[in-house]
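Text of query06.pdb, listed as PDB, C-alpha atoms:
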ATOM      1  CA  MET L   1     109.224 119.805 106.833
ATOM      2  CA  TYR L   2     112.630 121.143 105.885
ATOM      3  CA  ASP L   3     114.251 119.231 103.060
ATOM      4  CA  THR L   4     117.066 119.921 100.672
ATOM      5  CA  SER L   5     116.571 119.842  96.920
ATOM      6  CA  LEU L   6     118.051 117.427  94.433
ATOM      7  CA  TRP L   7     120.979 119.095  92.627
ATOM      8  CA  LEU L   8     122.191 117.790  89.291
ATOM      9  CA  GLY L   9     124.707 119.616  87.124
ATOM     10  CA  GLY L  10     124.279 122.837  89.086
ATOM     11  CA  LYS L  11     120.487 122.810  88.686
ATOM     12  CA  GLU L  12     118.052 122.529  91.560
ATOM     13  CA  PHE L  13     115.051 120.188  91.465
ATOM     14  CA  LYS L  14     112.271 120.036  94.036
ATOM     15  CA  SER L  15     110.903 116.739  92.742
ATOM     16  CA  ARG L  16     112.902 113.579  93.342
ATOM     17  CA  LEU L  17     110.946 111.593  90.778
ATOM     18  CA  ILE L  18     112.243 111.377  87.201
ATOM     19  CA  VAL L  19     109.891 109.891  84.615
ATOM     20  CA  GLY L  20     110.216 108.472  81.131
ATOM     21  CA  THR L  21     108.167 109.161  78.018
ATOM     22  CA  GLY L  22     108.026 105.676  76.450
ATOM     23  CA  LYS L  23     105.186 103.160  76.106
ATOM     24  CA  TYR L  24     102.231 105.436  76.936
ATOM     25  CA  PRO L  25      98.895 104.647  75.266
ATOM     26  CA  SER L  26      98.891 108.160  73.748
ATOM     27  CA  PHE L  27     100.851 111.411  73.818
ATOM     28  CA  GLU L  28      97.900 113.061  75.572
ATOM     29  CA  ASN L  29      97.865 110.415  78.314
ATOM     30  CA  MET L  30     101.638 110.825  78.700
ATOM     31  CA  ARG L  31     101.278 114.591  79.093
ATOM     32  CA  GLU L  32      98.687 114.152  81.845
ATOM     33  CA  ALA L  33     100.684 111.454  83.642
ATOM     34  CA  ILE L  34     103.893 113.512  83.638
ATOM     35  CA  GLU L  35     101.936 116.447  85.034
ATOM     36  CA  ALA L  36     100.451 114.227  87.767
ATOM     37  CA  SER L  37     103.872 112.809  88.675
ATOM     38  CA  GLY L  38     105.172 116.261  89.584
ATOM     39  CA  ALA L  39     108.451 115.339  87.859
ATOM     40  CA  GLU L  40     110.675 118.148  86.616
ATOM     41  CA  ILE L  41     113.072 115.915  84.696
ATOM     42  CA  VAL L  42     111.793 113.805  81.818
ATOM     43  CA  THR L  43     113.805 111.212  79.894
ATOM     44  CA  VAL L  44     113.691 110.889  76.115
ATOM     45  CA  ALA L  45     115.297 108.527  73.600
ATOM     46  CA  VAL L  46     117.190 109.741  70.525
ATOM     47  CA  ARG L  47     115.864 108.001  67.425
ATOM     48  CA  ARG L  48     115.642 108.358  63.649
ATOM     49  CA  VAL L  49     112.908 110.687  62.429
ATOM     50  CA  SER L  50     110.294 109.046  60.233
ATOM     51  CA  LEU L  51     110.573 110.224  56.633
ATOM     52  CA  PRO L  52     109.193 112.303  55.123
ATOM     53  CA  GLY L  53     109.009 114.361  58.315
ATOM     54  CA  GLN L  54     106.327 116.642  59.684
ATOM     55  CA  GLY L  55     104.627 114.089  61.946
ATOM     56  CA  GLU L  56     103.589 114.763  65.536
ATOM     57  CA  SER L  57     106.569 115.245  67.788
ATOM     58  CA  LEU L  58     106.987 114.127  71.381
ATOM     59  CA  LEU L  59     108.012 117.656  72.304
ATOM     60  CA  ASP L  60     104.620 118.998  71.183
ATOM     61  CA  PHE L  61     103.414 117.315  74.385
ATOM     62  CA  VAL L  62     106.382 117.783  76.736
ATOM     63  CA  ASP L  63     107.202 121.468  76.901
ATOM     64  CA  PRO L  64     111.004 121.787  76.983
ATOM     65  CA  LYS L  65     110.604 125.182  78.656
ATOM     66  CA  LYS L  66     108.752 123.564  81.539
ATOM     67  CA  TYR L  67     110.672 120.292  81.883
ATOM     68  CA  THR L  68     114.374 119.488  81.923
ATOM     69  CA  LEU L  69     114.933 116.912  79.201
ATOM     70  CA  LEU L  70     117.190 113.978  79.943
ATOM     71  CA  PRO L  71     118.190 112.258  76.694
ATOM     72  CA  ASN L  72     119.216 108.631  77.148
ATOM     73  CA  THR L  73     121.531 106.367  75.203
ATOM     74  CA  ALA L  74     119.191 103.373  75.331
ATOM     75  CA  GLY L  75     120.008 100.838  72.629
ATOM     76  CA  CYS L  76     123.738 101.611  72.677
ATOM     77  CA  TYR L  77     125.966  98.578  73.148
ATOM     78  CA  THR L  78     129.369 100.287  73.064
ATOM     79  CA  ALA L  79     130.902 103.348  74.705
ATOM     80  CA  ASP L  80     131.499 104.813  71.239
ATOM     81  CA  GLU L  81     127.814 104.573  70.233
ATOM     82  CA  ALA L  82     126.724 106.065  73.553
ATOM     83  CA  VAL L  83     129.160 108.980  73.303
ATOM     84  CA  ARG L  84     128.098 109.751  69.707
ATOM     85  CA  THR L  85     124.437 109.623  70.742
ATOM     86  CA  CYS L  86     125.137 112.213  73.453
ATOM     87  CA  TYR L  87     126.880 114.479  70.931
ATOM     88  CA  LEU L  88     123.810 114.177  68.672
ATOM     89  CA  ALA L  89     121.478 114.978  71.567
ATOM     90  CA  ARG L  90     123.517 118.066  72.419
ATOM     91  CA  GLU L  91     123.504 119.249  68.794
ATOM     92  CA  ALA L  92     119.736 118.672  68.700
ATOM     93  CA  GLY L  93     119.396 121.168  71.549
ATOM     94  CA  LEU L  94     118.545 118.618  74.214
ATOM     95  CA  GLY L  95     121.243 119.868  76.560
ATOM     96  CA  THR L  96     124.193 118.217  78.255
ATOM     97  CA  LEU L  97     122.450 116.384  81.097
ATOM     98  CA  VAL L  98     122.444 112.761  79.885
ATOM     99  CA  LYS L  99     121.265 109.396  81.118
ATOM    100  CA  LEU L 100     124.115 107.174  80.031
ATOM    101  CA  GLU L 101     123.312 103.579  79.157
ATOM    102  CA  VAL L 102     125.772 101.122  77.687
ATOM    103  CA  ILE L 103     123.905  97.848  77.441
ATOM    104  CA  GLY L 104     125.731  94.536  77.735
ATOM    105  CA  ASP L 105     122.989  92.022  77.064
ATOM    106  CA  SER L 106     119.709  92.323  75.156
ATOM    107  CA  ARG L 107     117.752  89.863  77.292
ATOM    108  CA  THR L 108     118.407  91.410  80.697
ATOM    109  CA  LEU L 109     119.426  94.896  79.501
ATOM    110  CA  PHE L 110     122.078  94.809  82.204
ATOM    111  CA  PRO L 111     124.774  97.439  81.738
ATOM    112  CA  ASP L 112     128.204  96.766  80.280
ATOM    113  CA  VAL L 113     130.007  98.491  83.122
ATOM    114  CA  ILE L 114     133.377  98.535  81.359
ATOM    115  CA  GLY L 115     131.945 100.489  78.431
ATOM    116  CA  LEU L 116     129.893 102.574  80.841
ATOM    117  CA  LEU L 117     132.963 103.651  82.772
ATOM    118  CA  GLU L 118     134.816 104.578  79.578
ATOM    119  CA  ALA L 119     131.868 106.606  78.226
ATOM    120  CA  THR L 120     131.397 108.329  81.604
ATOM    121  CA  ARG L 121     135.028 109.416  81.562
ATOM    122  CA  THR L 122     134.848 110.721  77.975
ATOM    123  CA  LEU L 123     131.575 112.600  78.372
ATOM    124  CA  SER L 124     132.486 114.137  81.746
ATOM    125  CA  ARG L 125     135.683 115.448  80.200
ATOM    126  CA  GLU L 126     133.605 116.938  77.357
ATOM    127  CA  GLY L 127     131.474 118.873  79.823
ATOM    128  CA  PHE L 128     128.407 116.651  79.992
ATOM    129  CA  THR L 129     126.555 116.061  83.239
ATOM    130  CA  VAL L 130     126.582 112.279  83.196
ATOM    131  CA  LEU L 131     124.034 110.124  85.005
ATOM    132  CA  PRO L 132     125.059 106.517  84.361
ATOM    133  CA  TYR L 133     122.590 103.628  84.609
ATOM    134  CA  THR L 134     124.576 100.951  86.421
ATOM    135  CA  ASN L 135     124.457  97.713  88.397
ATOM    136  CA  ASP L 136     123.649  97.700  92.094
ATOM    137  CA  ASP L 137     127.374  97.349  92.731
ATOM    138  CA  PRO L 138     129.022  99.725  95.227
ATOM    139  CA  VAL L 139     132.505  99.185  93.768
ATOM    140  CA  MET L 140     131.372 100.208  90.285
ATOM    141  CA  ALA L 141     129.367 103.121  91.703
ATOM    142  CA  LYS L 142     132.541 104.505  93.282
ATOM    143  CA  LYS L 143     134.500 104.048  90.050
ATOM    144  CA  LEU L 144     131.791 105.940  88.140
ATOM    145  CA  GLU L 145     131.904 108.769  90.658
ATOM    146  CA  ASP L 146     135.696 108.931  90.298
ATOM    147  CA  ALA L 147     135.262 109.001  86.496
ATOM    148  CA  GLY L 148     133.167 112.157  86.814
ATOM    149  CA  ALA L 149     129.561 110.933  87.067
ATOM    150  CA  ALA L 150     127.256 113.621  88.494
ATOM    151  CA  ALA L 151     125.079 110.922  90.062
ATOM    152  CA  VAL L 152     124.939 107.148  89.967
ATOM    153  CA  MET L 153     121.782 105.336  88.934
ATOM    154  CA  PRO L 154     121.800 101.720  90.097
ATOM    155  CA  LEU L 155     119.053  99.438  88.906
ATOM    156  CA  GLY L 156     116.585  98.076  91.434
ATOM    157  CA  ALA L 157     115.803  95.197  89.068
ATOM    158  CA  PRO L 158     115.951  94.719  85.262
ATOM    159  CA  ILE L 159     114.449  97.519  83.136
ATOM    160  CA  GLY L 160     110.700  97.131  82.770
ATOM    161  CA  SER L 161     110.595  94.058  85.042
ATOM    162  CA  GLY L 162     108.595  95.601  87.887
ATOM    163  CA  LEU L 163     110.409  93.337  90.355
ATOM    164  CA  GLY L 164     111.133  96.159  92.800
ATOM    165  CA  ILE L 165     114.330  96.765  94.770
ATOM    166  CA  ARG L 166     115.890  93.281  94.655
ATOM    167  CA  ASN L 167     118.915  94.081  96.781
ATOM    168  CA  PRO L 168     118.220  96.920  99.203
ATOM    169  CA  TYR L 169     121.433  96.128 101.094
ATOM    170  CA  ASN L 170     123.549  96.852  98.018
ATOM    171  CA  ILE L 171     121.680 100.128  97.476
ATOM    172  CA  LYS L 172     122.556 101.030 101.075
ATOM    173  CA  LEU L 173     126.204 100.173 100.418
ATOM    174  CA  ILE L 174     126.182 102.378  97.316
ATOM    175  CA  LEU L 175     124.807 105.232  99.427
ATOM    176  CA  GLU L 176     127.777 104.766 101.747
ATOM    177  CA  ALA L 177     130.280 104.415  98.898
ATOM    178  CA  VAL L 178     129.618 107.640  96.991
ATOM    179  CA  THR L 179     128.994 111.303  97.746
ATOM    180  CA  VAL L 180     127.129 112.099  94.489
ATOM    181  CA  PRO L 181     123.326 111.605  94.401
ATOM    182  CA  VAL L 182     122.073 108.006  94.104
ATOM    183  CA  ILE L 183     118.998 107.585  91.929
ATOM    184  CA  VAL L 184     117.369 104.160  91.609
ATOM    185  CA  ASP L 185     116.773 103.646  87.912
ATOM    186  CA  ALA L 186     114.718 100.690  86.689
ATOM    187  CA  GLY L 187     112.853  97.871  88.362
ATOM    188  CA  VAL L 188     110.100  99.788  90.142
ATOM    189  CA  GLY L 189     106.728  98.057  89.776
ATOM    190  CA  THR L 190     104.443  99.913  92.137
ATOM    191  CA  ALA L 191     104.348 102.726  94.663
ATOM    192  CA  SER L 192     105.826 100.778  97.597
ATOM    193  CA  ASP L 193     108.959 100.027  95.534
ATOM    194  CA  ALA L 194     109.542 103.754  95.044
ATOM    195  CA  ALA L 195     108.913 104.381  98.741
ATOM    196  CA  ILE L 196     111.435 101.679  99.694
ATOM    197  CA  ALA L 197     114.114 103.267  97.499
ATOM    198  CA  MET L 198     113.529 106.632  99.143
ATOM    199  CA  GLU L 199     113.352 105.167 102.673
ATOM    200  CA  LEU L 200     116.798 103.655 102.101
ATOM    201  CA  GLY L 201     118.070 107.198 101.625
ATOM    202  CA  CYS L 202     118.237 107.406  97.838
ATOM    203  CA  ASP L 203     118.168 110.892  96.367
ATOM    204  CA  GLY L 204     115.649 110.062  93.675
ATOM    205  CA  VAL L 205     113.898 107.412  91.609
ATOM    206  CA  LEU L 206     113.658 107.147  87.824
ATOM    207  CA  MET L 207     110.884 105.108  86.244
ATOM    208  CA  ASN L 208     108.990 104.683  83.013
ATOM    209  CA  THR L 209     107.185 101.351  82.559
ATOM    210  CA  ALA L 210     105.666 101.277  86.060
ATOM    211  CA  ILE L 211     103.676 104.391  85.170
ATOM    212  CA  ALA L 212     103.259 104.147  81.400
ATOM    213  CA  SER L 213     102.134 100.510  81.360
ATOM    214  CA  ALA L 214      99.861 100.717  84.420
ATOM    215  CA  LYS L 215      96.139 100.329  83.668
ATOM    216  CA  ASP L 216      95.684 103.985  84.571
ATOM    217  CA  PRO L 217      99.000 105.803  84.043
ATOM    218  CA  VAL L 218      97.731 109.133  85.437
ATOM    219  CA  ALA L 219      96.595 107.526  88.704
ATOM    220  CA  MET L 220      99.851 105.560  88.986
ATOM    221  CA  ALA L 221     101.869 108.728  88.349
ATOM    222  CA  THR L 222     100.048 110.357  91.262
ATOM    223  CA  ALA L 223     100.728 107.290  93.443
ATOM    224  CA  MET L 224     104.427 107.471  92.554
ATOM    225  CA  ARG L 225     104.627 111.170  93.391
ATOM    226  CA  LEU L 226     103.114 110.474  96.823
ATOM    227  CA  ALA L 227     105.290 107.376  97.376
ATOM    228  CA  VAL L 228     108.506 109.252  96.613
ATOM    229  CA  GLU L 229     107.458 112.062  98.935
ATOM    230  CA  ALA L 230     106.372 109.622 101.663
ATOM    231  CA  GLY L 231     109.558 107.578 101.391
ATOM    232  CA  ARG L 232     111.704 110.696 101.508
ATOM    233  CA  LEU L 233     109.844 112.016 104.555
ATOM    234  CA  ALA L 234     110.175 108.678 106.338
ATOM    235  CA  PHE L 235     113.906 108.638 105.633
ATOM    236  CA  LYS L 236     114.353 112.176 106.951
ATOM    237  CA  ALA L 237     112.163 111.422 109.968
ATOM    238  CA  GLY L 238     114.389 108.473 110.953
ATOM    239  CA  ARG L 239     112.664 105.143 111.331
ATOM    240  CA  ILE L 240     112.649 103.078 114.532
ATOM    241  CA  GLY L 241     114.892 100.071 114.902
ATOM    242  CA  LYS L 242     113.518  96.595 114.190
ATOM    243  CA  LYS L 243     112.973  94.353 117.228
ATOM    244  CA  LEU L 244     111.889  90.726 117.437
ATOM    245  CA  TYR L 245     109.506  91.116 120.404
ATOM    246  CA  ALA L 246     106.760  93.557 121.271
ATOM    247  CA  THR L 247     107.272  96.825 123.115
ATOM    248  CA  ALA L 248     104.029  98.087 124.650
ATOM    249  CA  SER L 249     102.823 101.465 123.450
ATOM    250  CA  SER L 250     100.552 101.985 126.495
ATOM    251  CA  PRO L 251     101.859 102.466 130.076
ATOM    252  CA  LEU L 252     102.354  99.243 132.035
ATOM    253  CA  GLU L 253     101.573 101.100 135.306
ATOM    254  CA  GLY L 254      98.035 101.922 136.439
ATOM    255  CA  VAL L 255      96.236  99.091 134.677
ATOM    256  CA  PRO L 256      92.895  98.622 136.540
ATOM    257  CA  GLU L 257      92.409  95.319 138.273
ATOM    258  CA  TRP L 258      89.244  93.304 137.600
ATOM    259  CA  THR L 259      89.901  90.333 139.779
ATOM    260  CA  SER L 260      87.097  89.684 142.280
TER     261      SER L 260
ATOM    262  CA  MET X   1     124.435 109.965  43.626
ATOM    263  CA  THR X   2     123.185 107.478  46.187
ATOM    264  CA  VAL X   3     123.055 108.549  49.820
ATOM    265  CA  THR X   4     121.791 106.367  52.661
ATOM    266  CA  VAL X   5     119.376 108.340  54.838
ATOM    267  CA  ASN X   6     118.237 106.692  58.066
ATOM    268  CA  GLY X   7     119.145 103.311  56.648
ATOM    269  CA  LYS X   8     117.378 103.774  53.292
ATOM    270  CA  PRO X   9     119.280 104.374  50.040
ATOM    271  CA  MET X  10     118.090 107.511  48.224
ATOM    272  CA  GLU X  11     118.870 108.756  44.719
ATOM    273  CA  LEU X  12     119.719 112.461  45.091
ATOM    274  CA  PRO X  13     121.045 115.205  42.793
ATOM    275  CA  GLU X  14     124.791 115.904  42.928
ATOM    276  CA  GLY X  15     125.940 118.703  45.202
ATOM    277  CA  LEU X  16     122.962 118.611  47.537
ATOM    278  CA  SER X  17     123.674 120.117  50.972
ATOM    279  CA  ILE X  18     122.359 118.888  54.331
ATOM    280  CA  GLU X  19     120.163 121.971  54.352
ATOM    281  CA  ASP X  20     118.692 121.007  50.942
ATOM    282  CA  LEU X  21     118.131 117.421  52.083
ATOM    283  CA  LEU X  22     116.254 118.445  55.240
ATOM    284  CA  ALA X  23     114.041 120.797  53.210
ATOM    285  CA  ARG X  24     113.429 118.113  50.579
ATOM    286  CA  LEU X  25     112.385 115.571  53.249
ATOM    287  CA  LYS X  26     110.302 118.189  55.108
ATOM    288  CA  VAL X  27     112.109 117.466  58.384
ATOM    289  CA  ARG X  28     111.125 119.589  61.373
ATOM    290  CA  ARG X  29     114.212 121.459  62.510
ATOM    291  CA  GLU X  30     113.642 121.977  66.209
ATOM    292  CA  PHE X  31     115.361 119.365  68.374
ATOM    293  CA  THR X  32     116.649 117.545  65.320
ATOM    294  CA  ALA X  33     120.279 116.573  64.754
ATOM    295  CA  VAL X  34     122.152 115.105  61.823
ATOM    296  CA  ALA X  35     125.125 112.773  61.671
ATOM    297  CA  LEU X  36     127.122 112.525  58.452
ATOM    298  CA  ASN X  37     129.245 109.377  58.205
ATOM    299  CA  ARG X  38     129.193 108.911  61.999
ATOM    300  CA  GLU X  39     130.206 112.501  62.785
ATOM    301  CA  VAL X  40     127.722 115.014  64.178
ATOM    302  CA  ALA X  41     127.026 117.720  61.594
ATOM    303  CA  GLN X  42     127.132 121.275  62.943
ATOM    304  CA  ARG X  43     123.744 122.936  62.615
ATOM    305  CA  ALA X  44     125.359 126.229  61.568
ATOM    306  CA  ARG X  45     127.091 124.507  58.648
ATOM    307  CA  TYR X  46     124.164 122.571  57.127
ATOM    308  CA  ALA X  47     124.002 124.886  54.092
ATOM    309  CA  GLU X  48     127.671 124.578  53.198
ATOM    310  CA  THR X  49     128.004 120.850  53.926
ATOM    311  CA  ARG X  50     127.661 119.077  50.567
ATOM    312  CA  LEU X  51     126.775 115.411  50.343
ATOM    313  CA  SER X  52     128.727 112.920  48.244
ATOM    314  CA  ASP X  53     127.931 109.573  46.689
ATOM    315  CA  GLY X  54     127.994 106.804  49.303
ATOM    316  CA  ASP X  55     127.452 109.121  52.281
ATOM    317  CA  LYS X  56     125.505 107.823  55.245
ATOM    318  CA  ILE X  57     123.161 110.252  56.968
ATOM    319  CA  GLU X  58     121.311 109.834  60.252
ATOM    320  CA  ILE X  59     118.568 112.332  61.102
ATOM    321  CA  VAL X  60     117.370 111.986  64.692
ATOM    322  CA  HIS X  61     115.008 113.619  67.154
ATOM    323  CA  PRO X  62     113.682 112.868  70.647
ATOM    324  CA  MET X  63     111.194 110.037  70.991
ATOM    325  CA  GLY X  64     109.451 108.362  73.895
ATOM    326  CA  GLY X  65     111.896 106.488  76.108
ATOM    327  CA  GLY X  66     112.875 105.776  79.666
TER     328      GLY X  66
END
Will you turn the file into structure tokens for me?
Amino acid sequence: MYDTSLWLGGKEFKSRLIVGTGKYPSFENMREAIEASGAEIVTVAVRRVSLPGQGESLLDFVDPKKYTLLPNTAGCYTADEAVRTCYLAREAGLGTLVKLEVIGDSRTLFPDVIGLLEATRTLSREGFTVLPYTNDDPVMAKKLEDAGAAAVMPLGAPIGSGLGIRNPYNIKLILEAVTVPVIVDAGVGTASDAAIAMELGCDGVLMNTAIASAKDPVAMATAMRLAVEAGRLAFKAGRIGKKLYATASSPLEGVPEWTS
Amino acid sequence: MTVTVNGKPMELPEGLSIEDLLARLKVRREFTAVALNREVAQRARYAETRLSDGDKIEIVHPMGGG
């Protein structure tokens, strides 16, 4: 079937699934799961090196020549921290495509949208391709687009919660509100959640815990790849309307009579 | 002089550069970045950037995350 690609920061991606690199049982398992997911974009955190250095590095297992790295600003609670983290990531050679997080509350990890908007504006001006993790709020999504975001990434549910897409109607409203790609980021628990996001018309799904913390991350990564593809296909195919009563699939004419 | 590296105070010889520090700590260079007193240090200037008493250094690299 004909489909367009996902474009972010002038780069084309065939896969609409973006995966994280946290919480895997081992680097080897992570490598296999990422491969199985078919993802081309892989998120990473920016953290202090352990000293003295020389330990195993994440990038020994995720080939930066093969995957586009997407550094995040997880753990940042102010726009200033998030912006500085992006500068560090760029200097480290991780590129200028960034997943921007400005967290407002440690228990829910909900975004501080005021700081998020400010950081989006600053980083866009500085030439970064900014993908902000935001609420499922169409008004904020539009403001982020106007501030220069290259995509908006509303949460389906809290990070790592596995609660699925809690407010599909808001996701639909976000899709109407913006012209940049909409990528559901956070909340996916299982394959059907990813399919639902794609069936709504989202341009992609980003997930980490749902794969990494599954009993078998490689199998779940495969399930997610298929779910994203299936959901996308269903969206492009155009689903039927919902009706309260039955509509027969077989002709009503020509039914044989058995009355004696 | 005392310099705080990734949150830990370290006793270091005067006049040490960022380049010297990274070599001393055996830090892998690829995909690593350094912040000196909250400002990102330019990779090309590690050798000429001298550390001073009380400086705060952050050395970071990519780790698993979502």
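Comparing the minimum interatomic distances between chain X and each of L:Met207, L:Arg166, L:Glu199, L:Glu101, counting only C-alpha atoms, we find that L:Met207 sits nearest.
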Residue neighbourhood range 86-88 of chain L, 9 Å, all atoms listed in the file, exclusion window fewer than 6 positions, as a list of chain:residue names: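 Result of the neighbour search: L:Val46, L:Pro71, L:Asn72, L:Thr73, L:Leu94, L:Thr96, L:Val98, L:Leu100, L:Leu123, L:Phe128, X:Thr32, X:Ala33, X:Val34, X:Ala35, X:Glu39, X:Val40, X:Ala41, X:Val60, X:His61.
Taking CA of Val205 in chain L as the reference point, CA of Val184 in chain L is found at 4.8 Å.
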Need the axis-aligned box for range 34-40 of chain L with 5 Å each side, so what are the centre and edges in Å to one decimal, as lines of an AutoDock Vina configuration file?
center_x = 105.6
center_y = 115.5
center_z = 86.6
size_x = 20.2
size_y = 15.3
size_z = 15.9
Could you tell me, as a CSV table (one decimal) with C-alpha atoms, keeping the file's coordinate frame, exactly which residues end up selected when the PyMOL selection byres ((chain L) within 7 of (chain X)) is applied to this structure?
chain,number,residue,atom,x,y,z
L,20,GLY,CA,110.2,108.5,81.1
L,21,THR,CA,108.2,109.2,78.0
L,22,GLY,CA,108.0,105.7,76.4
L,43,THR,CA,113.8,111.2,79.9
L,44,VAL,CA,113.7,110.9,76.1
L,45,ALA,CA,115.3,108.5,73.6
L,46,VAL,CA,117.2,109.7,70.5
L,47,ARG,CA,115.9,108.0,67.4
L,48,ARG,CA,115.6,108.4,63.6
L,49,VAL,CA,112.9,110.7,62.4
L,51,LEU,CA,110.6,110.2,56.6
L,52,PRO,CA,109.2,112.3,55.1
L,53,GLY,CA,109.0,114.4,58.3
L,54,GLN,CA,106.3,116.6,59.7
L,58,LEU,CA,107.0,114.1,71.4
L,87,TYR,CA,126.9,114.5,70.9
L,88,LEU,CA,123.8,114.2,68.7
L,91,GLU,CA,123.5,119.2,68.8
L,92,ALA,CA,119.7,118.7,68.7
L,93,GLY,CA,119.4,121.2,71.5
L,94,LEU,CA,118.5,118.6,74.2
L,207,MET,CA,110.9,105.1,86.2
L,208,ASN,CA,109.0,104.7,83.0
Evaluate the PyMOL selection byres ((chain L and resi 7-19) around 8) and report residues as a PyMOL selection string: (chain L and resi 5-6+20-21+34+37-43+97+129+150-151+203-208+224-225+228-229) or (chain X and resi 66)
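Of note, CA of Ala119 in chain L and CA of Val83 in chain L are spaced 6.1 Å apart.
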Exercise: Lys142 in chain L partners within 9 Å, all atoms listed in the file, chain neighbours under 4 positions left out, as a list of chain:residue names: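 These residues fall inside the cut-off: L:Asp137, L:Pro138, L:Asp146, L:Ala147, L:Val152, L:Ile174, L:Ala177, L:Val178, L:Thr179.
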Interatomic distance (Å, one decimal) between CA of Pro158 in chain L and CA of Leu226 in chain L: 23.4 Å
Taking the file as shown, find all residues satisfying the PyMOL selection byres ((chain L and resi 196) around 9) and write them as a JSON list (two decimals) with C-alpha atoms, in the frame of the given file.
[["chain", "number", "residue", "atom", "x", "y", "z"],
["L", 164, "GLY", "CA", 111.13, 96.16, 92.80],
["L", 165, "ILE", "CA", 114.33, 96.76, 94.77],
["L", 168, "PRO", "CA", 118.22, 96.92, 99.20],
["L", 191, "ALA", "CA", 104.35, 102.73, 94.66],
["L", 192, "SER", "CA", 105.83, 100.78, 97.60],
["L", 193, "ASP", "CA", 108.96, 100.03, 95.53],
["L", 194, "ALA", "CA", 109.54, 103.75, 95.04],
["L", 195, "ALA", "CA", 108.91, 104.38, 98.74],
["L", 197, "ALA", "CA", 114.11, 103.27, 97.50],
["L", 198, "MET", "CA", 113.53, 106.63, 99.14],
["L", 199, "GLU", "CA", 113.35, 105.17, 102.67],
["L", 200, "LEU", "CA", 116.80, 103.66, 102.10],
["L", 201, "GLY", "CA", 118.07, 107.20, 101.62],
["L", 227, "ALA", "CA", 105.29, 107.38, 97.38],
["L", 228, "VAL", "CA", 108.51, 109.25, 96.61],
["L", 231, "GLY", "CA", 109.56, 107.58, 101.39]]
Selected residue of minimal separation from Leu36 in chain X among X:Ser17, X:Met10, X:Ile57, X:Arg50, counting all atoms listed in the file: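 Among X:Ser17, X:Met10, X:Ile57, X:Arg50, it is X:Ile57 that comes nearest to Leu36 in chain X.
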Polymer residues at most 8 Å from Asp55 in chain X, only C-alpha atoms, same-chain spacing of 5 or more positions, as a PyMOL selection string: chain X and resi 2-4+36-37
Using the incomplete input, complete range 50-61 of chain X to the level of N, CA and C atoms; output as an mmCIF file, in the frame of the given file.
data_model
loop_
_atom_site.group_PDB
_atom_site.id
_atom_site.type_symbol
_atom_site.label_atom_id
_atom_site.label_comp_id
_atom_site.auth_asym_id
_atom_site.auth_seq_id
_atom_site.Cartn_x
_atom_site.Cartn_y
_atom_site.Cartn_z
ATOM 1 N N ARG X 50 128.155 119.783 51.758
ATOM 2 C CA ARG X 50 127.661 119.077 50.567
ATOM 3 C C ARG X 50 127.754 117.567 50.770
ATOM 4 N N LEU X 51 126.778 116.870 50.242
ATOM 5 C CA LEU X 51 126.775 115.411 50.343
ATOM 6 C C LEU X 51 127.473 114.807 49.129
ATOM 7 N N SER X 52 128.047 113.629 49.336
ATOM 8 C CA SER X 52 128.727 112.920 48.244
ATOM 9 C C SER X 52 128.155 111.515 48.115
ATOM 10 N N ASP X 53 128.396 110.936 46.956
ATOM 11 C CA ASP X 53 127.931 109.573 46.689
ATOM 12 C C ASP X 53 128.462 108.625 47.777
ATOM 13 N N GLY X 54 127.582 107.785 48.301
ATOM 14 C CA GLY X 54 127.994 106.804 49.303
ATOM 15 C C GLY X 54 127.904 107.298 50.741
ATOM 16 N N ASP X 55 127.563 108.583 50.925
ATOM 17 C CA ASP X 55 127.452 109.121 52.281
ATOM 18 C C ASP X 55 126.337 108.416 53.068
ATOM 19 N N LYS X 56 126.540 108.368 54.355
ATOM 20 C CA LYS X 56 125.505 107.823 55.245
ATOM 21 C C LYS X 56 125.049 108.930 56.191
ATOM 22 N N ILE X 57 123.741 109.166 56.171
ATOM 23 C CA ILE X 57 123.161 110.252 56.968
ATOM 24 C C ILE X 57 122.205 109.665 58.009
ATOM 25 N N GLU X 58 122.301 110.164 59.227
ATOM 26 C CA GLU X 58 121.311 109.834 60.252
ATOM 27 C C GLU X 58 120.633 111.134 60.677
ATOM 28 N N ILE X 59 119.319 111.162 60.626
ATOM 29 C CA ILE X 59 118.568 112.332 61.102
ATOM 30 C C ILE X 59 117.751 111.865 62.302
ATOM 31 N N VAL X 60 118.007 112.469 63.462
ATOM 32 C CA VAL X 60 117.370 111.986 64.692
ATOM 33 C C VAL X 60 116.632 113.109 65.420
ATOM 34 N N HIS X 61 115.724 112.688 66.275
ATOM 35 C CA HIS X 61 115.008 113.619 67.154
ATOM 36 C C HIS X 61 114.582 112.865 68.408
#
